[in-house]
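Containing mmCIF, C-alpha atoms: protein_2.cif.
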data_target
loop_
_atom_site.group_PDB
_atom_site.id
_atom_site.type_symbol
_atom_site.label_atom_id
_atom_site.label_comp_id
_atom_site.auth_asym_id
_atom_site.auth_seq_id
_atom_site.Cartn_x
_atom_site.Cartn_y
_atom_site.Cartn_z
ATOM 1 C CA MET X 1 0.000 0.000 0.000
ATOM 2 C CA ASN X 2 1.242 3.483 -0.790
ATOM 3 C CA TRP X 3 0.992 5.420 2.461
ATOM 4 C CA VAL X 4 0.567 9.177 2.465
ATOM 5 C CA ILE X 5 -0.154 11.736 5.146
ATOM 6 C CA HIS X 6 -1.955 15.054 5.384
ATOM 7 C CA CYS X 7 -0.007 17.661 7.332
ATOM 8 C CA SER X 8 -3.116 19.356 8.658
ATOM 9 C CA MET X 9 -4.772 18.161 11.836
ATOM 10 C CA ARG X 10 -7.931 17.608 9.750
ATOM 11 C CA LEU X 11 -8.056 15.161 6.899
ATOM 12 C CA ALA X 12 -9.415 16.576 3.663
ATOM 13 C CA MET X 13 -12.790 15.256 2.576
ATOM 14 C CA PRO X 14 -13.141 14.294 -1.088
ATOM 15 C CA MET X 15 -15.065 16.785 -3.174
ATOM 16 C CA ARG X 16 -15.705 17.388 -6.835
ATOM 17 C CA LYS X 17 -13.632 20.147 -8.419
ATOM 18 C CA PRO X 18 -15.588 22.788 -10.336
ATOM 19 C CA PRO X 19 -14.563 23.355 -13.955
ATOM 20 C CA CYS X 20 -13.068 26.765 -13.187
ATOM 21 C CA ILE X 21 -11.437 27.719 -9.880
ATOM 22 C CA SER X 22 -11.244 31.446 -9.208
ATOM 23 C CA MET X 23 -9.067 33.215 -6.665
ATOM 24 C CA ASN X 24 -12.179 33.675 -4.494
ATOM 25 C CA TYR X 25 -12.735 29.941 -4.608
ATOM 26 C CA PHE X 26 -9.192 29.529 -3.272
ATOM 27 C CA SER X 27 -10.260 30.905 0.095
ATOM 28 C CA SER X 28 -13.173 28.517 0.423
ATOM 29 C CA GLN X 29 -10.934 25.591 -0.511
ATOM 30 C CA LYS X 30 -8.213 26.183 2.064
ATOM 31 C CA ALA X 31 -9.821 23.867 4.616
ATOM 32 C CA ASN X 32 -10.256 21.117 2.047
ATOM 33 C CA GLU X 33 -7.161 21.292 -0.150
ATOM 34 C CA PHE X 34 -3.825 22.033 1.487
ATOM 35 C CA LEU X 35 -1.317 23.915 -0.707
ATOM 36 C CA PRO X 36 -3.316 23.713 -3.959
ATOM 37 C CA GLY X 37 -1.102 23.418 -7.015
ATOM 38 C CA ILE X 38 2.065 22.654 -5.013
ATOM 39 C CA LYS X 39 3.519 19.384 -6.296
ATOM 40 C CA ARG X 40 6.506 19.013 -4.010
ATOM 41 C CA ILE X 41 8.402 20.523 -1.094
ATOM 42 C CA ILE X 42 12.197 20.317 -1.130
ATOM 43 C CA LEU X 43 14.244 20.738 2.048
ATOM 44 C CA ILE X 44 17.992 21.316 1.670
ATOM 45 C CA ARG X 45 20.591 21.376 4.405
ATOM 46 C CA HIS X 46 23.322 23.940 3.753
ATOM 47 C CA GLY X 47 26.637 22.808 2.321
ATOM 48 C CA GLU X 48 29.695 22.196 4.455
ATOM 49 C CA SER X 49 30.607 25.280 6.478
ATOM 50 C CA LEU X 50 33.803 26.372 8.176
ATOM 51 C CA GLY X 51 32.182 25.444 11.486
ATOM 52 C CA ASN X 52 31.559 21.881 10.286
ATOM 53 C CA ILE X 53 35.284 21.270 9.861
ATOM 54 C CA ASP X 54 36.678 23.473 12.644
ATOM 55 C CA GLU X 55 34.457 24.079 15.684
ATOM 56 C CA ARG X 56 37.090 26.434 17.099
ATOM 57 C CA SER X 57 35.967 29.018 14.529
ATOM 58 C CA TYR X 58 32.769 29.575 16.536
ATOM 59 C CA ALA X 59 34.846 31.266 19.251
ATOM 60 C CA GLU X 60 35.649 34.176 16.908
ATOM 61 C CA THR X 61 32.953 34.056 14.221
ATOM 62 C CA ALA X 62 29.256 34.478 14.981
ATOM 63 C CA ASP X 63 27.300 31.340 14.048
ATOM 64 C CA TRP X 64 25.042 33.259 11.658
ATOM 65 C CA ARG X 65 28.117 34.613 9.828
ATOM 66 C CA MET X 66 29.799 31.231 9.352
ATOM 67 C CA PRO X 67 30.675 30.834 5.618
ATOM 68 C CA LEU X 68 30.718 27.792 3.375
ATOM 69 C CA THR X 69 33.925 25.999 2.481
ATOM 70 C CA GLU X 70 34.754 25.388 -1.171
ATOM 71 C CA LYS X 71 33.528 21.831 -0.694
ATOM 72 C CA GLY X 72 30.288 23.269 0.696
ATOM 73 C CA ARG X 73 29.818 25.432 -2.387
ATOM 74 C CA GLU X 74 30.307 22.385 -4.609
ATOM 75 C CA GLN X 75 27.770 20.433 -2.535
ATOM 76 C CA ALA X 76 25.325 23.305 -3.022
ATOM 77 C CA ARG X 77 25.829 23.310 -6.795
ATOM 78 C CA ILE X 78 25.180 19.561 -6.878
ATOM 79 C CA ALA X 79 22.004 20.151 -4.872
ATOM 80 C CA GLY X 80 21.018 22.845 -7.375
ATOM 81 C CA SER X 81 21.405 20.392 -10.245
ATOM 82 C CA LYS X 82 19.098 17.964 -8.435
ATOM 83 C CA VAL X 83 16.537 20.711 -7.893
ATOM 84 C CA ASP X 84 16.668 21.710 -11.555
ATOM 85 C CA ALA X 85 16.177 18.077 -12.603
ATOM 86 C CA LEU X 86 13.107 17.786 -10.372
ATOM 87 C CA LEU X 87 11.559 20.832 -12.055
ATOM 88 C CA HIS X 88 11.493 18.826 -15.289
ATOM 89 C CA GLN X 89 9.428 16.065 -13.624
ATOM 90 C CA ASP X 90 5.920 15.788 -12.273
ATOM 91 C CA SER X 91 5.290 14.450 -8.767
ATOM 92 C CA ASN X 92 5.349 10.895 -10.117
ATOM 93 C CA GLY X 93 8.760 11.310 -11.763
ATOM 94 C CA LEU X 94 7.401 11.572 -15.303
ATOM 95 C CA PRO X 95 8.858 14.175 -17.706
ATOM 96 C CA LEU X 96 6.985 17.459 -18.098
ATOM 97 C CA ALA X 97 6.223 19.146 -21.389
ATOM 98 C CA GLU X 98 6.861 22.507 -19.690
ATOM 99 C CA LYS X 99 9.349 23.073 -16.879
ATOM 100 C CA GLY X 100 7.866 23.709 -13.445
ATOM 101 C CA LYS X 101 8.124 26.807 -11.234
ATOM 102 C CA ILE X 102 9.836 27.152 -7.865
ATOM 103 C CA TYR X 103 9.559 29.392 -4.798
ATOM 104 C CA PHE X 104 12.513 29.567 -2.369
ATOM 105 C CA TYR X 105 12.680 30.162 1.374
ATOM 106 C CA VAL X 106 16.086 30.594 2.989
ATOM 107 C CA SER X 107 17.483 30.954 6.500
ATOM 108 C CA PRO X 108 19.250 34.325 7.025
ATOM 109 C CA TYR X 109 22.487 32.592 8.054
ATOM 110 C CA LEU X 110 25.400 33.223 5.701
ATOM 111 C CA ARG X 111 25.976 29.523 4.999
ATOM 112 C CA THR X 112 22.380 28.981 3.915
ATOM 113 C CA ARG X 113 22.363 32.141 1.814
ATOM 114 C CA GLN X 114 25.590 31.072 0.117
ATOM 115 C CA THR X 115 24.096 27.610 -0.423
ATOM 116 C CA LEU X 116 21.099 29.182 -2.138
ATOM 117 C CA ARG X 117 23.424 31.360 -4.237
ATOM 118 C CA GLU X 118 25.119 28.256 -5.613
ATOM 119 C CA ILE X 119 21.784 26.473 -6.120
ATOM 120 C CA LEU X 120 20.533 29.405 -8.179
ATOM 121 C CA ARG X 121 23.473 29.029 -10.551
ATOM 122 C CA GLN X 122 21.929 25.709 -11.619
ATOM 123 C CA VAL X 123 18.277 26.771 -11.868
ATOM 124 C CA ASP X 124 16.765 28.607 -14.810
ATOM 125 C CA LYS X 125 15.871 32.140 -13.695
ATOM 126 C CA ASP X 126 12.554 31.978 -15.553
ATOM 127 C CA SER X 127 11.497 29.112 -13.280
ATOM 128 C CA ILE X 128 11.849 31.164 -10.086
ATOM 129 C CA VAL X 129 8.588 32.641 -8.773
ATOM 130 C CA GLY X 130 10.113 34.235 -5.686
ATOM 131 C CA ILE X 131 12.771 34.133 -2.949
ATOM 132 C CA ARG X 132 12.058 34.909 0.679
ATOM 133 C CA GLU X 133 14.305 34.989 3.751
ATOM 134 C CA ASP X 134 12.664 33.723 6.952
ATOM 135 C CA PRO X 135 14.443 33.673 10.351
ATOM 136 C CA ARG X 136 12.140 30.912 11.605
ATOM 137 C CA VAL X 137 14.071 28.326 9.580
ATOM 138 C CA SER X 138 17.373 29.403 11.146
ATOM 139 C CA GLU X 139 19.729 27.152 13.074
ATOM 140 C CA GLN X 140 19.088 26.282 16.719
ATOM 141 C CA GLN X 141 20.566 29.051 18.871
ATOM 142 C CA PHE X 142 23.556 27.889 20.944
ATOM 143 C CA GLY X 143 24.312 31.251 22.565
ATOM 144 C CA ASN X 144 26.625 33.945 21.237
ATOM 145 C CA PHE X 145 30.326 33.316 20.592
ATOM 146 C CA GLN X 146 30.852 29.645 21.378
ATOM 147 C CA HIS X 147 33.797 28.163 23.227
ATOM 148 C CA PRO X 148 34.448 24.705 21.744
ATOM 149 C CA GLU X 149 35.078 22.900 25.038
ATOM 150 C CA GLU X 150 31.957 24.336 26.627
ATOM 151 C CA ILE X 151 29.776 23.482 23.621
ATOM 152 C CA GLN X 152 31.123 19.922 23.549
ATOM 153 C CA ASP X 153 30.220 19.559 27.228
ATOM 154 C CA ASN X 154 26.748 20.953 26.493
ATOM 155 C CA LYS X 155 26.222 18.534 23.601
ATOM 156 C CA ALA X 156 27.297 15.588 25.752
ATOM 157 C CA GLU X 157 24.853 16.711 28.433
ATOM 158 C CA ARG X 158 22.164 17.042 25.763
ATOM 159 C CA VAL X 159 22.537 13.362 24.864
ATOM 160 C CA ASP X 160 21.757 12.400 28.470
ATOM 161 C CA PHE X 161 18.983 14.948 28.919
ATOM 162 C CA GLY X 162 17.272 14.501 25.529
ATOM 163 C CA ARG X 163 17.905 16.530 22.383
ATOM 164 C CA PHE X 164 14.363 17.810 21.995
ATOM 165 C CA PHE X 165 13.956 19.421 25.427
ATOM 166 C CA TYR X 166 17.567 20.299 26.247
ATOM 167 C CA ARG X 167 18.111 24.061 26.298
ATOM 168 C CA PHE X 168 21.590 25.391 25.620
ATOM 169 C CA PRO X 169 22.647 27.793 28.412
ATOM 170 C CA SER X 170 23.626 31.431 27.939
ATOM 171 C CA GLY X 171 20.641 32.358 25.782
ATOM 172 C CA GLY X 172 20.416 29.205 23.669
ATOM 173 C CA GLU X 173 17.346 27.360 22.424
ATOM 174 C CA SER X 174 15.911 23.905 22.953
ATOM 175 C CA GLY X 175 14.734 21.696 20.110
ATOM 176 C CA PHE X 176 11.233 22.437 21.395
ATOM 177 C CA ASP X 177 11.799 26.151 20.730
ATOM 178 C CA VAL X 178 12.833 25.434 17.144
ATOM 179 C CA TYR X 179 9.816 23.143 16.719
ATOM 180 C CA ASN X 180 7.497 25.966 17.779
ATOM 181 C CA ARG X 181 8.906 28.505 15.340
ATOM 182 C CA VAL X 182 8.916 25.953 12.514
ATOM 183 C CA SER X 183 5.241 25.290 13.260
ATOM 184 C CA GLY X 184 4.506 28.972 12.721
ATOM 185 C CA PHE X 185 6.527 28.916 9.521
ATOM 186 C CA ILE X 186 4.410 26.072 8.120
ATOM 187 C CA GLY X 187 1.346 28.234 8.687
ATOM 188 C CA THR X 188 3.029 31.000 6.693
ATOM 189 C CA ILE X 189 3.582 28.651 3.746
ATOM 190 C CA THR X 190 -0.161 28.026 3.524
ATOM 191 C CA ARG X 191 -0.805 31.773 3.338
ATOM 192 C CA ASP X 192 2.039 32.391 0.903
ATOM 193 C CA VAL X 193 0.514 30.025 -1.638
ATOM 194 C CA GLN X 194 -1.942 32.839 -2.417
ATOM 195 C CA ASN X 195 1.008 35.164 -3.115
ATOM 196 C CA ILE X 196 2.617 32.565 -5.333
ATOM 197 C CA TRP X 197 -0.477 32.512 -7.523
ATOM 198 C CA ASP X 198 -0.460 36.325 -7.578
ATOM 199 C CA GLU X 199 3.156 36.199 -8.813
ATOM 200 C CA LEU X 200 2.211 33.764 -11.553
ATOM 201 C CA HIS X 201 -0.840 35.779 -12.633
ATOM 202 C CA PRO X 202 -0.116 39.414 -11.621
ATOM 203 C CA ASP X 203 -2.536 40.940 -14.134
ATOM 204 C CA ASP X 204 -5.386 38.487 -13.787
ATOM 205 C CA HIS X 205 -6.904 38.133 -10.329
ATOM 206 C CA GLU X 206 -9.527 35.763 -11.725
ATOM 207 C CA ALA X 207 -6.895 33.423 -13.119
ATOM 208 C CA ARG X 208 -7.550 29.749 -12.605
ATOM 209 C CA ILE X 209 -5.720 27.931 -9.860
ATOM 210 C CA ASN X 210 -4.325 25.271 -12.118
ATOM 211 C CA THR X 211 -3.560 22.223 -9.989
ATOM 212 C CA ASP X 212 -1.794 20.727 -13.011
ATOM 213 C CA GLU X 213 0.817 23.493 -12.895
ATOM 214 C CA ASN X 214 4.011 22.025 -11.478
ATOM 215 C CA ILE X 215 5.077 24.260 -8.564
ATOM 216 C CA THR X 216 7.800 23.422 -6.053
ATOM 217 C CA ILE X 217 8.547 25.016 -2.684
ATOM 218 C CA CYS X 218 12.224 24.814 -1.712
ATOM 219 C CA ILE X 219 13.495 25.568 1.817
ATOM 220 C CA VAL X 220 17.237 26.030 2.370
ATOM 221 C CA THR X 221 17.841 25.475 6.066
ATOM 222 C CA HIS X 222 19.859 23.603 8.714
ATOM 223 C CA GLY X 223 20.057 19.959 9.780
ATOM 224 C CA LEU X 224 18.186 20.107 13.095
ATOM 225 C CA THR X 225 15.638 22.599 11.787
ATOM 226 C CA LEU X 226 14.997 20.358 8.784
ATOM 227 C CA ARG X 227 14.279 17.369 11.030
ATOM 228 C CA LEU X 228 11.985 19.399 13.271
ATOM 229 C CA PHE X 229 10.107 20.601 10.181
ATOM 230 C CA LEU X 230 9.520 16.942 9.283
ATOM 231 C CA MET X 231 8.556 16.150 12.868
ATOM 232 C CA ARG X 232 5.859 18.812 12.796
ATOM 233 C CA TRP X 233 4.729 18.009 9.250
ATOM 234 C CA PHE X 234 4.361 14.253 9.728
ATOM 235 C CA GLN X 235 3.484 14.449 13.431
ATOM 236 C CA TYR X 236 6.378 12.310 14.621
ATOM 237 C CA THR X 237 6.591 11.898 18.391
ATOM 238 C CA VAL X 238 9.434 13.216 20.542
ATOM 239 C CA HIS X 239 10.677 9.637 20.881
ATOM 240 C CA GLU X 240 10.790 9.246 17.086
ATOM 241 C CA PHE X 241 12.650 12.547 16.738
ATOM 242 C CA GLU X 242 15.215 11.464 19.330
ATOM 243 C CA ARG X 243 16.056 8.424 17.199
ATOM 244 C CA SER X 244 16.517 10.433 13.976
ATOM 245 C CA TYR X 245 19.680 11.853 12.408
ATOM 246 C CA ASN X 246 20.610 15.036 10.582
ATOM 247 C CA PRO X 247 20.886 14.793 6.782
ATOM 248 C CA GLU X 248 24.318 15.242 5.249
ATOM 249 C CA ASN X 249 25.521 18.698 4.197
ATOM 250 C CA GLY X 250 23.913 19.637 0.897
ATOM 251 C CA GLN X 251 21.399 16.777 1.055
ATOM 252 C CA VAL X 252 18.170 17.295 -0.901
ATOM 253 C CA VAL X 253 15.128 15.938 0.975
ATOM 254 C CA VAL X 254 11.965 15.637 -1.114
ATOM 255 C CA LEU X 255 8.273 15.534 -0.175
ATOM 256 C CA GLN X 256 6.055 14.687 -3.153
ATOM 257 C CA ASN X 257 2.355 15.475 -3.490
ATOM 258 C CA LYS X 258 1.144 12.575 -5.616
ATOM 259 C CA CYS X 259 -2.608 12.920 -5.266
ATOM 260 C CA ASP X 260 -3.227 16.702 -5.526
ATOM 261 C CA ARG X 261 -5.072 16.842 -2.203
ATOM 262 C CA GLY X 262 -2.295 18.155 0.015
ATOM 263 C CA ARG X 263 -0.905 14.769 1.053
ATOM 264 C CA PHE X 264 2.851 14.507 0.742
ATOM 265 C CA ASN X 265 5.167 11.484 0.728
ATOM 266 C CA LEU X 266 8.645 11.684 2.244
ATOM 267 C CA ASP X 267 11.109 10.139 -0.190
ATOM 268 C CA GLU X 268 11.934 6.630 1.041
ATOM 269 C CA ASP X 269 15.709 7.024 0.756
ATOM 270 C CA ASP X 270 15.547 10.260 2.750
ATOM 271 C CA ARG X 271 13.332 8.673 5.408
ATOM 272 C CA VAL X 272 15.708 5.751 5.890
ATOM 273 C CA ALA X 273 18.825 7.964 5.922
ATOM 274 C CA MET X 274 17.387 10.133 8.708
ATOM 275 C CA GLY X 275 15.972 7.227 10.712
ATOM 276 C CA PHE X 276 12.307 8.174 10.685
ATOM 277 C CA PRO X 277 9.695 5.373 10.883
ATOM 278 C CA LEU X 278 7.381 4.165 8.151
ATOM 279 C CA PHE X 279 4.029 5.920 8.114
ATOM 280 C CA GLU X 280 2.095 2.869 9.316
ATOM 281 C CA GLU X 281 4.626 2.288 12.104
ATOM 282 C CA GLN X 282 4.398 5.749 13.650
ATOM 283 C CA GLU X 283 3.721 5.747 17.382
ATOM 284 C CA ARG X 284 0.749 8.083 17.083
ATOM 285 C CA PHE X 285 -1.211 5.259 15.452
ATOM 286 C CA LYS X 286 -0.031 2.597 17.904
ATOM 287 C CA LEU X 287 -1.070 4.570 20.982
ATOM 288 C CA VAL X 288 -4.735 3.719 20.522
ATOM 289 C CA ASP X 289 -4.070 -0.012 20.949
ATOM 290 C CA ASP X 290 -0.836 -0.004 22.948
ATOM 291 C CA HIS X 291 -1.046 2.265 25.992
ATOM 292 C CA SER X 292 2.244 0.877 27.316
ATOM 293 C CA ILE X 293 4.017 3.332 24.989
ATOM 294 C CA LEU X 294 2.993 6.054 27.434
ATOM 295 C CA ASP X 295 5.153 4.425 30.129
ATOM 296 C CA ARG X 296 8.301 4.437 27.997
ATOM 297 C CA THR X 297 11.293 5.805 29.876
ATOM 298 C CA LYS X 298 14.187 4.686 27.644
ATOM 299 C CA TRP X 299 14.454 6.802 24.506
#
Please lay out the structure from this file as structure tokens.
Amino acid sequence: MNWVIHCSMRLAMPMRKPPCISMNYFSSQKANEFLPGIKRIILIRHGESLGNIDERSYAETADWRMPLTEKGREQARIAGSKVDALLHQDSNGLPLAEKGKIYFYVSPYLRTRQTLREILRQVDKDSIVGIREDPRVSEQQFGNFQHPEEIQDNKAERVDFGRFFYRFPSGGESGFDVYNRVSGFIGTITRDVQNIWDELHPDDHEARINTDENITICIVTHGLTLRLFLMRWFQYTVHEFERSYNPENGQVVVLQNKCDRGRFNLDEDDRVAMGFPLFEEQERFKLVDDHSILDRTKW
């Protein structure tokens, strides 16, 4: 069986599409069709940064100003080539007669901005609907200038305490904090879909919302933030998050909408690489029949 999931707390009810969908109809459809016309969401972790190869650099360089290495730039260009290839395919991997469109979100950190810069070298400019910076997809905050020994001690303590709830001292964030801001960001995506259609049809406010138009949302972010986005989207439990892993630098993680009703599949290779469970094996479904899960103490 091909398992899919709706990211909303309410499942969409099937309904017949009218022959012509106006922009006014868009508003009435929001509760029934999540992200109309969006065929896929791509999440990309930034390429290798200076901080990834030398943690001592955090003592003198602010985390948000940490640049990519040359290897990181090459990883970003490879990611861009993958993105461009996906724009030539529909959500089922079949070739398109006309190349799809793409809308980018990017963390304001230098390494994510530089990653996007290299990605854009590989993507046809005519395919780009818009680019938006959003601080809510930034890296987890570890404090200000970071002393390597202290951060290593904090990270070791985090393993014992639990990565989701552990808060870094000296003004840092917990995974829970990042989860909350990512949740708000997902709500923004739903509202921005309206703006995407306005960009595509700036002179025609009665233009049809063409669900056959191949539109991709691409988010250039950070490893932990990417996983917490998936946790919120697919409603993974804290226990399931604790057992997951960051994607590699420059990794392209793909969610495909294969049924045009706002239900997205996480690519199987990406799911396995990050250690997330199969849809039918998620704990949220098992809780109804197995209450012993609520007594779990070893994570």
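Applied to this file, the PyMOL selection byres ((chain X and resi 214) around 10) selects the residues Gly37, Ile38, Lys39, Arg40, Leu87, His88, Gln89, Asp90, Ser91, Leu96, Glu98, Lys99, Gly100, Lys101, Ile102, Asn210, Thr211, Asp212, Glu213, Ile215 and Thr216 of chain X.
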Within 8 Å of segment 244-259 of chain X using only C-alpha atoms, minus same-chain residues under 4 positions, as a CSV table (one decimal) with C-alpha atoms, in the coordinates of the input:
chain,number,residue,atom,x,y,z
X,38,ILE,CA,2.1,22.7,-5.0
X,39,LYS,CA,3.5,19.4,-6.3
X,40,ARG,CA,6.5,19.0,-4.0
X,41,ILE,CA,8.4,20.5,-1.1
X,42,ILE,CA,12.2,20.3,-1.1
X,43,LEU,CA,14.2,20.7,2.0
X,44,ILE,CA,18.0,21.3,1.7
X,45,ARG,CA,20.6,21.4,4.4
X,46,HIS,CA,23.3,23.9,3.8
X,47,GLY,CA,26.6,22.8,2.3
X,48,GLU,CA,29.7,22.2,4.5
X,72,GLY,CA,30.3,23.3,0.7
X,75,GLN,CA,27.8,20.4,-2.5
X,76,ALA,CA,25.3,23.3,-3.0
X,78,ILE,CA,25.2,19.6,-6.9
X,79,ALA,CA,22.0,20.2,-4.9
X,82,LYS,CA,19.1,18.0,-8.4
X,83,VAL,CA,16.5,20.7,-7.9
X,91,SER,CA,5.3,14.4,-8.8
X,92,ASN,CA,5.3,10.9,-10.1
X,223,GLY,CA,20.1,20.0,9.8
X,224,LEU,CA,18.2,20.1,13.1
X,226,LEU,CA,15.0,20.4,8.8
X,227,ARG,CA,14.3,17.4,11.0
X,240,GLU,CA,10.8,9.2,17.1
X,263,ARG,CA,-0.9,14.8,1.1
X,264,PHE,CA,2.9,14.5,0.7
X,265,ASN,CA,5.2,11.5,0.7
X,266,LEU,CA,8.6,11.7,2.2
X,267,ASP,CA,11.1,10.1,-0.2
X,270,ASP,CA,15.5,10.3,2.8
X,273,ALA,CA,18.8,8.0,5.9
X,274,MET,CA,17.4,10.1,8.7
X,275,GLY,CA,16.0,7.2,10.7
X,276,PHE,CA,12.3,8.2,10.7
For this session: Quote the spacing between atom CA of Ala59 of chain X and atom CA of Arg111 of chain X in Å to one decimal place.
Result: 16.9 Å
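You will find atom CA of Ile119 of chain X at 28.9 Å from atom CA of Phe145 of chain X.
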For this session: Taking the file above as input, evaluate the PyMOL selection byres ((chain X and resi 167) around 10) and report the hits as a PyMOL selection string.
Result: chain X and resi 140-142+154+158+161-166+168-177
Problem set entry | For atom CA of Leu120 of chain X and atom CA of Leu50 of chain X, the interatomic separation in Å (one decimal) |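 We find that atom CA of Leu120 of chain X and atom CA of Leu50 of chain X lie 21.3 Å from each other.
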Exercise. Which of these, X:Asp63, X:Glu280, X:Asp269, X:Asp198, has the shortest distance to Phe234 of chain X once you count all atoms listed in the file?
Worked result: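 Residue with the minimum atom-to-atom distance to Phe234 of chain X: X:Glu280.
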Exercise. Do you know which residues the PyMOL selection byres ((chain X and resi 67) around 10) returns on this file, as a PyMOL selection string?
Worked result: chain X and resi 47-51+61+63-66+68-70+72-73+109-115
Work out where the centre of an axis-aligned box around every listed atom of segment 189-192 of chain X lies and how long its edges are once 3 Å is added on each side; give both in Å to one decimal as JSON.
{"center_x": 1.4, "center_y": 30.2, "center_z": 2.3, "size_x": 10.4, "size_y": 10.4, "size_z": 8.8}
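Counting only C-alpha atoms, the residue from X:Asp192, X:Ile151, X:Arg117, X:Val123 that sits nearest to Leu35 of chain X is X:Asp192.
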Seminar exercise, completed: Judged by all atoms listed in the file, the minimum distance to Ser183 of chain X among X:Arg232, X:His291, X:Arg121, X:His147 is found for X:Arg232
